[in-house]
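Below: final_7.csv (CSV, C-alpha atoms and all ligand atoms)
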```
chain,number,residue,atom,x,y,z
A,1,MET,CA,-50.9,-68.1,107.1
A,2,ARG,CA,-49.8,-69.9,104.0
A,3,ASP,CA,-51.8,-67.9,101.4
A,4,GLY,CA,-51.1,-64.4,102.7
A,5,VAL,CA,-47.7,-63.1,103.6
A,6,HIS,CA,-49.7,-60.0,104.6
A,7,ALA,CA,-53.3,-59.2,105.4
A,8,PRO,CA,-55.4,-57.9,102.5
A,9,VAL,CA,-54.8,-54.2,102.2
A,10,GLY,CA,-58.4,-53.2,101.6
A,11,GLY,CA,-60.7,-53.1,98.6
A,12,GLU,CA,-62.3,-56.0,97.0
A,13,PRO,CA,-60.1,-59.1,97.6
A,14,GLY,CA,-60.7,-60.2,94.0
A,15,ALA,CA,-59.2,-56.9,92.7
A,16,ARG,CA,-55.8,-57.3,94.4
A,17,THR,CA,-52.9,-56.3,92.2
A,18,ALA,CA,-49.3,-57.5,92.6
A,19,VAL,CA,-46.3,-55.7,91.2
A,20,VAL,CA,-42.9,-57.4,91.1
A,21,GLY,CA,-39.6,-55.5,90.7
A,22,GLY,CA,-37.7,-52.8,92.6
A,23,GLY,CA,-36.6,-50.8,89.6
A,24,VAL,CA,-38.2,-47.6,88.1
A,25,MET,CA,-40.9,-49.7,86.3
A,26,GLY,CA,-42.0,-51.6,89.4
A,27,ALA,CA,-41.9,-48.4,91.6
A,28,SER,CA,-43.9,-46.5,88.9
A,29,LEU,CA,-46.5,-49.3,88.7
A,30,ALA,CA,-46.9,-49.5,92.4
A,31,ARG,CA,-47.4,-45.8,92.7
A,32,ALA,CA,-49.8,-45.6,89.7
A,33,PHE,CA,-52.0,-48.5,90.8
A,34,ALA,CA,-52.0,-47.4,94.5
A,35,ARG,CA,-53.0,-43.8,93.5
A,36,ALA,CA,-55.8,-45.1,91.3
A,37,GLY,CA,-57.2,-46.8,94.4
A,38,HIS,CA,-56.1,-50.4,93.8
A,39,ALA,CA,-55.1,-52.7,96.6
A,40,VAL,CA,-51.4,-53.2,95.7
A,41,THR,CA,-48.8,-55.6,97.0
A,42,TRP,CA,-45.4,-54.6,95.7
A,43,TRP,CA,-42.6,-57.2,95.7
A,44,ALA,CA,-39.3,-55.3,95.8
A,45,GLN,CA,-36.5,-56.7,97.9
A,46,GLU,CA,-34.3,-53.6,97.1
A,47,LEU,CA,-34.8,-50.4,95.2
A,48,GLY,CA,-32.5,-49.7,92.3
A,49,ASP,CA,-30.5,-52.9,92.6
A,50,ALA,CA,-30.4,-53.5,88.8
A,51,ALA,CA,-30.5,-51.1,85.8
A,52,SER,CA,-32.4,-48.5,87.8
A,53,GLY,CA,-29.3,-48.0,90.0
A,54,VAL,CA,-27.7,-46.0,87.3
A,55,PRO,CA,-25.9,-43.1,89.0
A,56,VAL,CA,-27.7,-40.4,86.8
A,57,ALA,CA,-30.6,-40.7,84.4
A,58,LEU,CA,-31.0,-38.1,81.6
A,59,LEU,CA,-34.5,-37.2,80.5
A,60,ASN,CA,-34.0,-36.8,76.8
A,61,PRO,CA,-36.6,-37.7,74.1
A,62,TYR,CA,-34.4,-36.3,71.3
A,63,ARG,CA,-32.5,-39.4,70.4
A,64,GLY,CA,-30.3,-41.0,67.7
A,65,ARG,CA,-28.2,-39.2,65.1
A,66,SER,CA,-31.1,-37.2,63.8
A,67,GLY,CA,-32.3,-36.0,67.3
A,68,ARG,CA,-35.9,-36.8,66.3
A,69,ALA,CA,-38.3,-37.5,69.1
A,70,HIS,CA,-40.8,-40.3,69.1
A,71,PRO,CA,-44.3,-38.9,69.9
A,72,ASP,CA,-44.7,-41.4,72.8
A,73,ASP,CA,-41.4,-40.2,74.3
A,74,LEU,CA,-42.6,-36.6,74.2
A,75,ALA,CA,-45.9,-37.6,75.8
A,76,ALA,CA,-44.0,-39.7,78.4
A,77,LEU,CA,-41.7,-36.8,79.3
A,78,ARG,CA,-44.8,-34.6,80.1
A,79,VAL,CA,-46.1,-37.4,82.4
A,80,THR,CA,-42.7,-37.6,84.1
A,81,TRP,CA,-42.7,-33.8,84.8
A,82,ARG,CA,-46.3,-34.0,86.1
A,83,TRP,CA,-45.2,-36.8,88.5
A,84,ALA,CA,-42.2,-34.8,89.6
A,85,ALA,CA,-44.6,-31.9,90.4
A,86,GLU,CA,-47.0,-34.2,92.3
A,87,LEU,CA,-44.2,-35.8,94.3
A,88,ARG,CA,-43.0,-32.3,95.3
A,89,ALA,CA,-46.5,-31.2,96.2
A,90,ALA,CA,-46.6,-34.3,98.5
A,91,GLY,CA,-43.5,-33.0,100.2
A,92,LEU,CA,-41.1,-35.5,98.7
A,93,ALA,CA,-37.7,-34.8,97.2
A,94,SER,CA,-38.2,-36.1,93.7
A,95,GLY,CA,-34.6,-35.8,92.5
A,96,ALA,CA,-35.9,-34.5,89.1
A,97,HIS,CA,-34.3,-31.4,87.6
A,98,ARG,CA,-35.8,-29.6,84.6
A,99,SER,CA,-32.4,-28.3,83.5
A,100,GLY,CA,-32.8,-28.8,79.7
A,101,VAL,CA,-30.3,-31.1,77.9
A,102,LEU,CA,-27.7,-30.4,75.3
A,103,ARG,CA,-26.9,-32.3,72.1
A,104,LEU,CA,-23.7,-31.6,70.2
A,105,ALA,CA,-23.3,-31.9,66.5
A,106,ASP,CA,-20.2,-33.8,65.3
A,107,GLY,CA,-20.5,-32.4,61.8
A,108,PRO,CA,-22.5,-30.1,59.6
A,109,ARG,CA,-24.9,-32.9,58.5
A,110,GLN,CA,-25.9,-33.6,62.1
A,111,ALA,CA,-26.3,-29.8,62.8
A,112,ARG,CA,-28.7,-29.6,59.8
A,113,ALA,CA,-30.6,-32.6,61.0
A,114,PHE,CA,-31.0,-31.1,64.5
A,115,ALA,CA,-32.2,-27.8,63.0
A,116,LYS,CA,-35.2,-29.7,61.5
A,117,VAL,CA,-36.4,-31.1,64.8
A,118,PRO,CA,-39.3,-29.4,66.5
A,119,GLY,CA,-38.5,-28.9,70.2
A,120,LEU,CA,-34.7,-28.6,69.6
A,121,ARG,CA,-33.2,-25.0,69.4
A,122,PRO,CA,-30.1,-24.8,67.2
A,123,LEU,CA,-27.0,-23.4,68.9
A,124,ALA,CA,-24.0,-22.0,67.0
A,125,GLY,CA,-20.5,-23.2,68.1
A,126,ASP,CA,-19.9,-19.9,70.0
A,127,ALA,CA,-23.2,-20.1,71.8
A,128,LEU,CA,-22.7,-23.5,73.5
A,129,PRO,CA,-22.8,-23.7,77.3
A,130,LEU,CA,-19.4,-24.2,79.0
A,131,PRO,CA,-17.6,-26.6,79.3
A,132,PHE,CA,-18.8,-28.1,76.1
A,133,ARG,CA,-17.6,-27.2,72.6
A,134,SER,CA,-18.2,-28.3,69.0
A,135,ALA,CA,-17.2,-26.4,65.9
A,136,HIS,CA,-20.5,-27.5,64.4
A,137,GLY,CA,-22.7,-26.2,67.2
A,138,GLY,CA,-25.5,-28.2,68.7
A,139,ALA,CA,-29.1,-28.1,69.9
A,140,TRP,CA,-30.8,-27.3,73.1
A,141,ALA,CA,-33.8,-29.3,74.4
A,142,ALA,CA,-35.4,-27.0,77.0
A,143,ASP,CA,-38.0,-29.6,78.1
A,144,GLY,CA,-35.3,-32.2,78.9
A,145,GLY,CA,-33.5,-32.7,82.2
A,146,TRP,CA,-32.1,-35.3,84.6
A,147,ILE,CA,-33.1,-37.4,87.6
A,148,ASP,CA,-31.2,-38.6,90.6
A,149,PRO,CA,-32.4,-42.2,90.4
A,150,ARG,CA,-32.0,-42.9,94.2
A,151,ALA,CA,-34.2,-39.9,95.1
A,152,TRP,CA,-36.8,-40.7,92.4
A,153,LEU,CA,-37.2,-44.3,93.5
A,154,ALA,CA,-37.4,-43.4,97.2
A,155,ALA,CA,-40.0,-40.7,96.4
A,156,LEU,CA,-42.1,-43.1,94.3
A,157,ALA,CA,-41.9,-45.8,97.0
A,158,ALA,CA,-42.9,-43.3,99.7
A,159,ASP,CA,-45.9,-42.1,97.7
A,160,ALA,CA,-47.0,-45.6,96.7
A,161,GLU,CA,-46.9,-46.6,100.4
A,162,ALA,CA,-48.7,-43.4,101.5
A,163,CYS,CA,-51.4,-44.3,99.0
A,164,GLY,CA,-51.8,-47.8,100.6
A,165,ALA,CA,-49.4,-50.0,98.6
A,166,THR,CA,-47.8,-52.7,100.8
A,167,ARG,CA,-44.2,-53.4,100.1
A,168,GLU,CA,-42.8,-56.9,100.6
A,169,ARG,CA,-39.0,-57.0,100.8
A,170,GLN,CA,-38.7,-60.3,99.1
A,171,ARG,CA,-38.0,-61.8,95.7
A,172,ILE,CA,-40.5,-64.0,94.0
A,173,ALA,CA,-39.4,-67.6,93.3
A,174,ALA,CA,-42.5,-68.9,91.5
A,175,LEU,CA,-45.8,-67.9,90.1
A,176,GLU,CA,-48.6,-70.3,89.6
A,177,ARG,CA,-52.3,-70.4,88.8
A,178,ALA,CA,-54.2,-70.7,92.1
A,179,ASP,CA,-57.6,-71.1,90.4
A,180,ALA,CA,-59.3,-69.9,87.2
A,181,ARG,CA,-59.2,-66.3,88.4
A,182,ARG,CA,-56.2,-65.8,90.6
A,183,TRP,CA,-52.4,-66.1,90.6
A,184,ARG,CA,-50.3,-67.3,93.5
A,185,LEU,CA,-47.0,-65.6,94.0
A,186,ILE,CA,-44.5,-67.7,96.1
A,187,ALA,CA,-41.7,-65.7,97.7
A,188,GLU,CA,-38.1,-67.0,98.0
A,189,GLY,CA,-38.6,-66.9,101.8
A,190,GLY,CA,-41.5,-69.4,101.4
A,191,GLY,CA,-44.6,-67.3,102.0
A,192,SER,CA,-47.2,-66.7,99.3
A,193,SER,CA,-50.1,-64.4,98.4
A,194,LEU,CA,-53.0,-64.5,96.0
A,195,HIS,CA,-53.7,-61.9,93.3
A,196,ASP,CA,-56.0,-61.2,90.5
A,197,ARG,CA,-53.5,-59.3,88.4
A,198,VAL,CA,-49.7,-59.6,88.4
A,199,PHE,CA,-47.4,-57.1,86.8
A,200,LEU,CA,-43.8,-58.4,86.2
A,201,ALA,CA,-41.4,-55.5,86.0
A,202,THR,CA,-38.2,-57.5,86.2
A,203,GLY,CA,-36.0,-55.6,83.8
A,204,ALA,CA,-33.4,-57.6,82.0
A,205,ALA,CA,-33.4,-60.4,84.6
A,206,ALA,CA,-34.0,-64.0,83.5
A,207,TRP,CA,-37.2,-65.5,84.7
A,208,PRO,CA,-37.2,-68.4,87.2
A,209,ALA,CA,-38.3,-71.7,85.7
A,210,GLY,CA,-41.5,-71.6,87.7
A,211,TRP,CA,-42.6,-68.5,85.9
A,212,VAL,CA,-41.8,-69.9,82.5
A,213,ARG,CA,-44.0,-72.9,83.1
A,214,ALA,CA,-47.0,-70.7,84.2
A,215,LEU,CA,-46.8,-68.1,81.5
A,216,ASP,CA,-46.7,-68.2,77.8
A,217,GLY,CA,-43.0,-68.0,77.8
A,218,PRO,CA,-40.4,-65.4,78.7
A,219,PRO,CA,-40.6,-62.2,76.7
A,220,ALA,CA,-38.1,-61.8,73.9
A,221,PHE,CA,-35.7,-58.9,74.4
A,222,GLU,CA,-32.1,-58.0,73.8
A,223,ARG,CA,-29.8,-57.4,76.7
A,224,LEU,CA,-27.3,-54.6,76.4
A,225,ALA,CA,-24.8,-53.5,79.0
A,226,GLY,CA,-23.5,-50.0,79.6
A,227,ASP,CA,-21.0,-48.2,81.9
A,228,VAL,CA,-21.0,-45.1,84.0
A,229,PHE,CA,-17.8,-43.6,85.5
A,230,PRO,CA,-17.7,-40.8,88.0
A,231,THR,CA,-15.1,-38.2,86.8
A,232,ARG,CA,-12.9,-36.0,88.9
A,233,LEU,CA,-14.6,-32.9,87.5
A,234,PRO,CA,-17.4,-30.8,88.9
A,235,ALA,CA,-20.8,-31.3,87.2
A,236,PRO,CA,-21.4,-29.1,84.3
A,237,SER,CA,-24.4,-26.8,84.5
A,238,VAL,CA,-26.2,-28.7,81.8
A,239,PRO,CA,-26.2,-32.4,81.0
A,240,LEU,CA,-24.9,-33.6,77.6
A,241,ALA,CA,-27.1,-36.2,75.9
A,242,GLY,CA,-26.2,-38.7,73.2
A,243,ALA,CA,-24.9,-42.2,72.8
A,244,SER,CA,-22.1,-41.1,75.2
A,245,TYR,CA,-23.3,-38.7,77.8
A,246,VAL,CA,-22.4,-36.5,80.7
A,247,GLY,CA,-24.6,-35.9,83.7
A,248,PRO,CA,-24.4,-34.7,87.3
A,249,VAL,CA,-24.1,-37.2,90.2
A,250,VAL,CA,-25.7,-36.5,93.6
A,251,ASP,CA,-23.8,-37.5,96.7
A,252,GLY,CA,-25.1,-36.8,100.2
A,253,GLY,CA,-28.0,-34.7,98.8
A,254,CYS,CA,-25.8,-32.4,96.8
A,255,VAL,CA,-24.7,-32.3,93.2
A,256,ALA,CA,-21.2,-33.6,93.5
A,257,THR,CA,-19.3,-34.5,90.3
A,258,ALA,CA,-20.0,-35.3,86.7
A,259,ALA,CA,-20.4,-38.8,85.5
A,260,ILE,CA,-19.8,-40.1,81.9
A,261,GLY,CA,-21.7,-43.0,80.5
A,262,GLY,CA,-22.4,-45.0,77.4
A,263,HIS,CA,-21.0,-47.9,75.4
A,264,HIS,CA,-23.6,-50.6,74.4
A,265,ARG,CA,-21.9,-54.0,74.8
A,266,PRO,CA,-22.7,-57.6,75.8
A,267,PRO,CA,-23.7,-58.1,79.5
A,268,GLY,CA,-20.8,-58.5,82.0
A,269,PRO,CA,-18.4,-56.3,83.9
A,270,ALA,CA,-16.8,-53.4,81.9
A,271,PRO,CA,-13.8,-54.4,79.7
A,272,ASP,CA,-10.5,-52.9,80.9
A,273,ASP,CA,-10.4,-50.2,78.3
A,274,ALA,CA,-14.1,-49.0,78.8
A,275,ALA,CA,-13.1,-45.9,80.7
A,276,ARG,CA,-10.3,-44.9,78.3
A,277,ARG,CA,-12.6,-45.4,75.3
A,278,LEU,CA,-15.4,-43.4,76.9
A,279,VAL,CA,-13.0,-40.5,77.8
A,280,ALA,CA,-11.7,-40.6,74.2
A,281,THR,CA,-15.3,-40.4,72.8
A,282,LEU,CA,-16.2,-37.4,74.9
A,283,SER,CA,-13.1,-35.4,75.3
A,284,TRP,CA,-13.4,-33.8,71.8
A,285,ALA,CA,-16.5,-32.1,73.2
A,286,TRP,CA,-15.2,-31.6,76.8
A,287,PRO,CA,-11.4,-31.2,76.6
A,288,ALA,CA,-10.8,-31.0,80.4
A,289,LEU,CA,-12.0,-34.6,80.7
A,290,ALA,CA,-8.9,-35.9,78.9
A,291,GLU,CA,-6.7,-34.4,81.7
A,292,ALA,CA,-8.9,-35.1,84.7
A,293,GLY,CA,-9.9,-38.7,83.8
A,294,VAL,CA,-12.3,-40.9,85.8
A,295,HIS,CA,-12.5,-42.7,89.1
A,296,GLY,CA,-12.2,-46.1,87.5
A,297,ASP,CA,-12.7,-48.1,90.7
A,298,ALA,CA,-16.1,-46.4,91.3
A,299,ALA,CA,-17.4,-47.6,87.9
A,300,TRP,CA,-21.1,-48.7,87.7
A,301,TRP,CA,-22.4,-51.0,85.0
A,302,GLY,CA,-25.9,-52.2,84.2
A,303,VAL,CA,-27.9,-54.3,81.8
A,304,ARG,CA,-30.9,-52.9,80.1
A,305,ALA,CA,-33.6,-54.7,78.1
A,306,HIS,CA,-34.4,-53.7,74.5
A,307,GLY,CA,-37.6,-55.1,73.1
A,308,GLU,CA,-39.4,-55.2,69.7
A,309,GLY,CA,-39.0,-51.9,67.8
A,310,ASN,CA,-37.0,-50.6,70.8
A,311,ARG,CA,-40.2,-49.5,72.4
A,312,PRO,CA,-41.5,-50.2,75.9
A,313,GLN,CA,-43.6,-53.3,76.3
A,314,LEU,CA,-46.8,-53.8,78.2
A,315,ARG,CA,-47.8,-57.3,77.3
A,316,GLU,CA,-50.3,-59.8,78.8
A,317,VAL,CA,-48.3,-63.1,78.9
A,318,ALA,CA,-51.2,-65.1,80.4
A,319,PRO,CA,-54.7,-64.0,81.4
A,320,GLY,CA,-54.2,-61.5,84.3
A,321,ALA,CA,-50.3,-61.6,84.1
A,322,TRP,CA,-48.5,-58.8,82.5
A,323,TRP,CA,-44.9,-58.2,81.5
A,324,VAL,CA,-43.9,-54.5,81.6
A,325,GLY,CA,-40.4,-53.5,80.6
A,326,ALA,CA,-37.9,-53.3,77.7
A,327,LEU,CA,-37.5,-49.6,78.6
A,328,ALA,CA,-34.0,-49.6,76.9
A,329,GLY,CA,-32.0,-46.4,77.6
A,330,ARG,CA,-35.0,-44.3,78.6
A,331,GLY,CA,-36.5,-46.1,81.6
A,332,PHE,CA,-36.8,-43.0,83.7
A,333,LEU,CA,-38.3,-41.1,80.8
A,334,ALA,CA,-40.9,-43.8,80.0
A,335,ALA,CA,-41.9,-45.6,83.2
A,336,ALA,CA,-44.5,-43.1,84.5
A,337,ALA,CA,-46.4,-43.1,81.2
A,338,VAL,CA,-46.2,-46.9,80.8
A,339,ALA,CA,-47.5,-47.3,84.4
A,340,GLU,CA,-50.4,-45.0,83.7
A,341,ALA,CA,-51.1,-46.9,80.5
A,342,ALA,CA,-51.2,-50.1,82.5
A,343,VAL,CA,-53.8,-48.6,84.9
A,344,THR,CA,-55.9,-47.5,81.9
A,345,THR,CA,-55.7,-50.9,80.2
A,346,VAL,CA,-56.9,-52.7,83.4
A,347,ALA,CA,-59.7,-50.2,83.9
A,348,ALA,CA,-60.9,-50.8,80.4
A,349,ARG,CA,-61.4,-54.5,81.1
A,401,LIG,C1,-25.4,-47.5,81.3
A,401,LIG,C2,-26.9,-47.2,81.4
A,401,LIG,C3,-27.2,-45.9,81.3
A,401,LIG,C4,-28.6,-45.5,81.3
A,401,LIG,N1,-28.9,-44.2,81.2
A,401,LIG,C5,-30.3,-43.8,81.2
A,401,LIG,C6,-30.6,-42.5,81.1
A,401,LIG,O1,-29.8,-41.6,81.0
A,401,LIG,N2,-32.0,-42.2,81.2
A,401,LIG,C7,-32.9,-43.1,81.3
A,401,LIG,O2,-34.1,-42.8,81.3
A,401,LIG,N3,-32.6,-44.4,81.4
A,401,LIG,C8,-31.3,-44.8,81.3
A,401,LIG,N4,-30.9,-46.1,81.4
A,401,LIG,C9,-32.0,-47.1,81.3
A,401,LIG,C10,-32.7,-47.4,82.6
A,401,LIG,O3,-31.7,-47.6,83.6
A,401,LIG,C11,-33.6,-48.6,82.4
A,401,LIG,O4,-34.4,-48.5,81.3
A,401,LIG,C12,-34.4,-48.8,83.7
A,401,LIG,O5,-33.7,-48.8,84.8
A,401,LIG,C13,-35.1,-50.2,83.6
A,401,LIG,O6,-36.0,-50.3,84.7
A,401,LIG,P1,-36.8,-51.6,85.1
A,401,LIG,O7,-37.5,-51.3,86.3
A,401,LIG,O8,-37.5,-52.1,83.9
A,401,LIG,O9,-35.6,-52.7,85.4
A,401,LIG,P2,-34.5,-52.8,86.5
A,401,LIG,O10,-34.1,-51.5,87.0
A,401,LIG,O11,-33.5,-53.8,86.0
A,401,LIG,O12,-35.3,-53.5,87.7
A,401,LIG,C14,-35.8,-54.9,87.7
A,401,LIG,C15,-36.1,-55.3,89.1
A,401,LIG,O13,-36.7,-56.5,89.1
A,401,LIG,C16,-36.2,-57.3,90.2
A,401,LIG,N5,-36.4,-58.7,89.9
A,401,LIG,C17,-35.9,-59.5,88.9
A,401,LIG,N6,-36.3,-60.7,89.1
A,401,LIG,C18,-37.1,-60.8,90.2
A,401,LIG,C19,-37.7,-61.8,91.0
A,401,LIG,N7,-37.7,-63.1,90.6
A,401,LIG,N8,-38.4,-61.4,92.1
A,401,LIG,C20,-38.5,-60.2,92.5
A,401,LIG,N9,-37.8,-59.2,91.9
A,401,LIG,C21,-37.1,-59.5,90.8
A,401,LIG,C22,-34.8,-56.8,90.3
A,401,LIG,O14,-34.2,-57.2,91.5
A,401,LIG,C23,-35.0,-55.3,90.1
A,401,LIG,O15,-35.3,-54.7,91.3
A,401,LIG,C24,-29.6,-46.5,81.4
A,401,LIG,C25,-29.2,-47.9,81.5
A,401,LIG,C26,-27.9,-48.2,81.5
A,401,LIG,C27,-27.5,-49.6,81.7
```

Transcribe the structure of this file into structure tokens.
Amino acid sequence: MRDGVHAPVGGEPGARTAVVGGGVMGASLARAFARAGHAVTWWAQELGDAASGVPVALLNPYRGRSGRAHPDDLAALRVTWRWAAELRAAGLASGAHRSGVLRLADGPRQARAFAKVPGLRPLAGDALPLPFRSAHGGAWAADGGWIDPRAWLAALAADAEACGATRERQRIAALERADARRWRLIAEGGGSSLHDRVFLATGAAAWPAGWVRALDGPPAFERLAGDVFPTRLPAPSVPLAGASYVGPVVDGGCVATAAIGGHHRPPGPAPDDAARRLVATLSWAWPALAEAGVHGDAAWWGVRAHGEGNRPQLREVAPGAWWVGALAGRGFLAAAAVAEAAVTTVAAR
């Protein structure tokens, strides 16, 4: 059947929703729409094949030098913890850990700035959790934490499918208007399907020419790459958040080692000195790192999309076609709330 890679998955055929993308945004949209009772077809060839394959994702709304939190990020964090509880209640291993996160002050000025932020508890230098140190102390965000991205994506996918979403393991080559009301999605493998609404959660990927013709143009966003290196050290009991960060990495279901990440740079593989620079940036706060070093050959790098005002975007790029992304360095923090906002926006139509 040319127009129908799959049979309709129930509900009003005119209300069929398509989600494109196997990252945290696509998985969150598929789950949110399926749980809200929509008939969802989710196009995701692989899970976590792009930025969402990051080895560890910190959940930290207290960002930048000041440590101030955007109200939307605080609200998003609450939604993410609610989703983690729902996934657990459904018997799924969410991979989410409400451990809290640590920020370190690199000078008295930053320590004073942290002390003014609601939600951050100031810590003196001698009260910092091991193995971290800073003569200027730091701040503790009890509501932060971290996620094992592979487990989170698998749990979202399982819940979405349990709620009736149909996953198609294919990429989309083109998207065109089928008629005044519906969109036709054409898979790279040749099949196609019709949808009333399409949500494009394609991260920092460039859009195929076929999409650009059908839509108002590709969304404008900046692409920034970053690197994560597994270290030879056991994971610390708390993750360290900041422009350069330390988080636990799960291997075979167990917390294995610590990974260090950071460095915003142009897209492409990590430069030769990326690991050395990251170790230098972090070893003042974690001295053992300078001795232990990293597993350079197991480096991961990814490209994230930063949009206008560095805020997530939920934008209608043609009637019934939405671009959802630009999650920047907080995709795992923001995606659940953005997905719920998408459901609410559609319901208000
Ligand atoms: C170094 C680094 C560290 C990070 N650390 C954190 C952190 O600590 N905490 C945090 O919350 N976030 C972190 N992030 C950010 C987070 O990884 C991203 O915000 C998030 O993964 C973006 O998710 P996404 O679903 O929008 O995009 P992606 O994960 O990039 O997914 C896009 C998906 O779209 C698919 N796609 C593209 N084109 C097509 C097509 N034509 N047809 C079908 N599918 C298509 C891709 O295959 C992919 O599956 C970090 C990112 C990097 C790079």

Pick from A:Gly203, A:Pro208, A:Gly23, A:Pro236, whichever lies nearest to Gly53 of chain A using all atoms listed in the file: A:Gly23

Tell me, as a ChimeraX atom specification, which residues lie within 10 Å of segment 100-106 of chain A, counting all atoms listed in the file; anything in the same chain fewer than 3 positions away does not count. /A:58-63,65-67,97,109-114,120-125,128-129,132-146,237-242,245-247,284-285

Just the selected residues (C-alpha atoms), exported as a PDB file, in the coordinates of the input, please.
```pdb
ATOM      1  CA  LEU A  58     -31.000 -38.100  81.600  1.00  0.00           C
ATOM      2  CA  LEU A  59     -34.500 -37.200  80.500  1.00  0.00           C
ATOM      3  CA  ASN A  60     -34.000 -36.800  76.800  1.00  0.00           C
ATOM      4  CA  PRO A  61     -36.600 -37.700  74.100  1.00  0.00           C
ATOM      5  CA  TYR A  62     -34.400 -36.300  71.300  1.00  0.00           C
ATOM      6  CA  ARG A  63     -32.500 -39.400  70.400  1.00  0.00           C
ATOM      7  CA  ARG A  65     -28.200 -39.200  65.100  1.00  0.00           C
ATOM      8  CA  SER A  66     -31.100 -37.200  63.800  1.00  0.00           C
ATOM      9  CA  GLY A  67     -32.300 -36.000  67.300  1.00  0.00           C
ATOM     10  CA  HIS A  97     -34.300 -31.400  87.600  1.00  0.00           C
ATOM     11  CA  ARG A 109     -24.900 -32.900  58.500  1.00  0.00           C
ATOM     12  CA  GLN A 110     -25.900 -33.600  62.100  1.00  0.00           C
ATOM     13  CA  ALA A 111     -26.300 -29.800  62.800  1.00  0.00           C
ATOM     14  CA  ARG A 112     -28.700 -29.600  59.800  1.00  0.00           C
ATOM     15  CA  ALA A 113     -30.600 -32.600  61.000  1.00  0.00           C
ATOM     16  CA  PHE A 114     -31.000 -31.100  64.500  1.00  0.00           C
ATOM     17  CA  LEU A 120     -34.700 -28.600  69.600  1.00  0.00           C
ATOM     18  CA  ARG A 121     -33.200 -25.000  69.400  1.00  0.00           C
ATOM     19  CA  PRO A 122     -30.100 -24.800  67.200  1.00  0.00           C
ATOM     20  CA  LEU A 123     -27.000 -23.400  68.900  1.00  0.00           C
ATOM     21  CA  ALA A 124     -24.000 -22.000  67.000  1.00  0.00           C
ATOM     22  CA  GLY A 125     -20.500 -23.200  68.100  1.00  0.00           C
ATOM     23  CA  LEU A 128     -22.700 -23.500  73.500  1.00  0.00           C
ATOM     24  CA  PRO A 129     -22.800 -23.700  77.300  1.00  0.00           C
ATOM     25  CA  PHE A 132     -18.800 -28.100  76.100  1.00  0.00           C
ATOM     26  CA  ARG A 133     -17.600 -27.200  72.600  1.00  0.00           C
ATOM     27  CA  SER A 134     -18.200 -28.300  69.000  1.00  0.00           C
ATOM     28  CA  ALA A 135     -17.200 -26.400  65.900  1.00  0.00           C
ATOM     29  CA  HIS A 136     -20.500 -27.500  64.400  1.00  0.00           C
ATOM     30  CA  GLY A 137     -22.700 -26.200  67.200  1.00  0.00           C
ATOM     31  CA  GLY A 138     -25.500 -28.200  68.700  1.00  0.00           C
ATOM     32  CA  ALA A 139     -29.100 -28.100  69.900  1.00  0.00           C
ATOM     33  CA  TRP A 140     -30.800 -27.300  73.100  1.00  0.00           C
ATOM     34  CA  ALA A 141     -33.800 -29.300  74.400  1.00  0.00           C
ATOM     35  CA  ALA A 142     -35.400 -27.000  77.000  1.00  0.00           C
ATOM     36  CA  ASP A 143     -38.000 -29.600  78.100  1.00  0.00           C
ATOM     37  CA  GLY A 144     -35.300 -32.200  78.900  1.00  0.00           C
ATOM     38  CA  GLY A 145     -33.500 -32.700  82.200  1.00  0.00           C
ATOM     39  CA  TRP A 146     -32.100 -35.300  84.600  1.00  0.00           C
ATOM     40  CA  SER A 237     -24.400 -26.800  84.500  1.00  0.00           C
ATOM     41  CA  VAL A 238     -26.200 -28.700  81.800  1.00  0.00           C
ATOM     42  CA  PRO A 239     -26.200 -32.400  81.000  1.00  0.00           C
ATOM     43  CA  LEU A 240     -24.900 -33.600  77.600  1.00  0.00           C
ATOM     44  CA  ALA A 241     -27.100 -36.200  75.900  1.00  0.00           C
ATOM     45  CA  GLY A 242     -26.200 -38.700  73.200  1.00  0.00           C
ATOM     46  CA  TYR A 245     -23.300 -38.700  77.800  1.00  0.00           C
ATOM     47  CA  VAL A 246     -22.400 -36.500  80.700  1.00  0.00           C
ATOM     48  CA  GLY A 247     -24.600 -35.900  83.700  1.00  0.00           C
ATOM     49  CA  TRP A 284     -13.400 -33.800  71.800  1.00  0.00           C
ATOM     50  CA  ALA A 285     -16.500 -32.100  73.200  1.00  0.00           C
TER      51      ALA A 285
END
```

Among listed residues A:Ala214, A:Val317, A:Ala27, A:Ala158, nearest ligand LIG 401 (chain A) (using only C-alpha atoms and all ligand atoms):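 Ranked by minimum distance to ligand LIG 401 (chain A), first place goes to A:Ala27.
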
Just give me the gap between atom CA of Glu168 of chain A and atom CA of Leu185 of chain A in Å, one decimal is fine.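 Atom-to-atom, atom CA of Glu168 of chain A to atom CA of Leu185 of chain A, that is 11.7 Å.
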
Among A:Ala209, A:Gly64, A:Asp148, A:Ser244, Leu175 of chain A is approached most closely, using all atoms listed in the file, by A:Ala209

Polymer residues at most 7 Å from Arg315 of chain A, only C-alpha atoms, same-chain spacing of 3 or more positions, as a ChimeraX atom specification: /A:322-324

For each of A:Ala39, A:Leu327, A:Leu224, A:Ala321, take the minimum atom-to-atom distance to Glu161 of chain A, counting all atoms listed in the file, then give the residue where this is smallest. A:Ala39
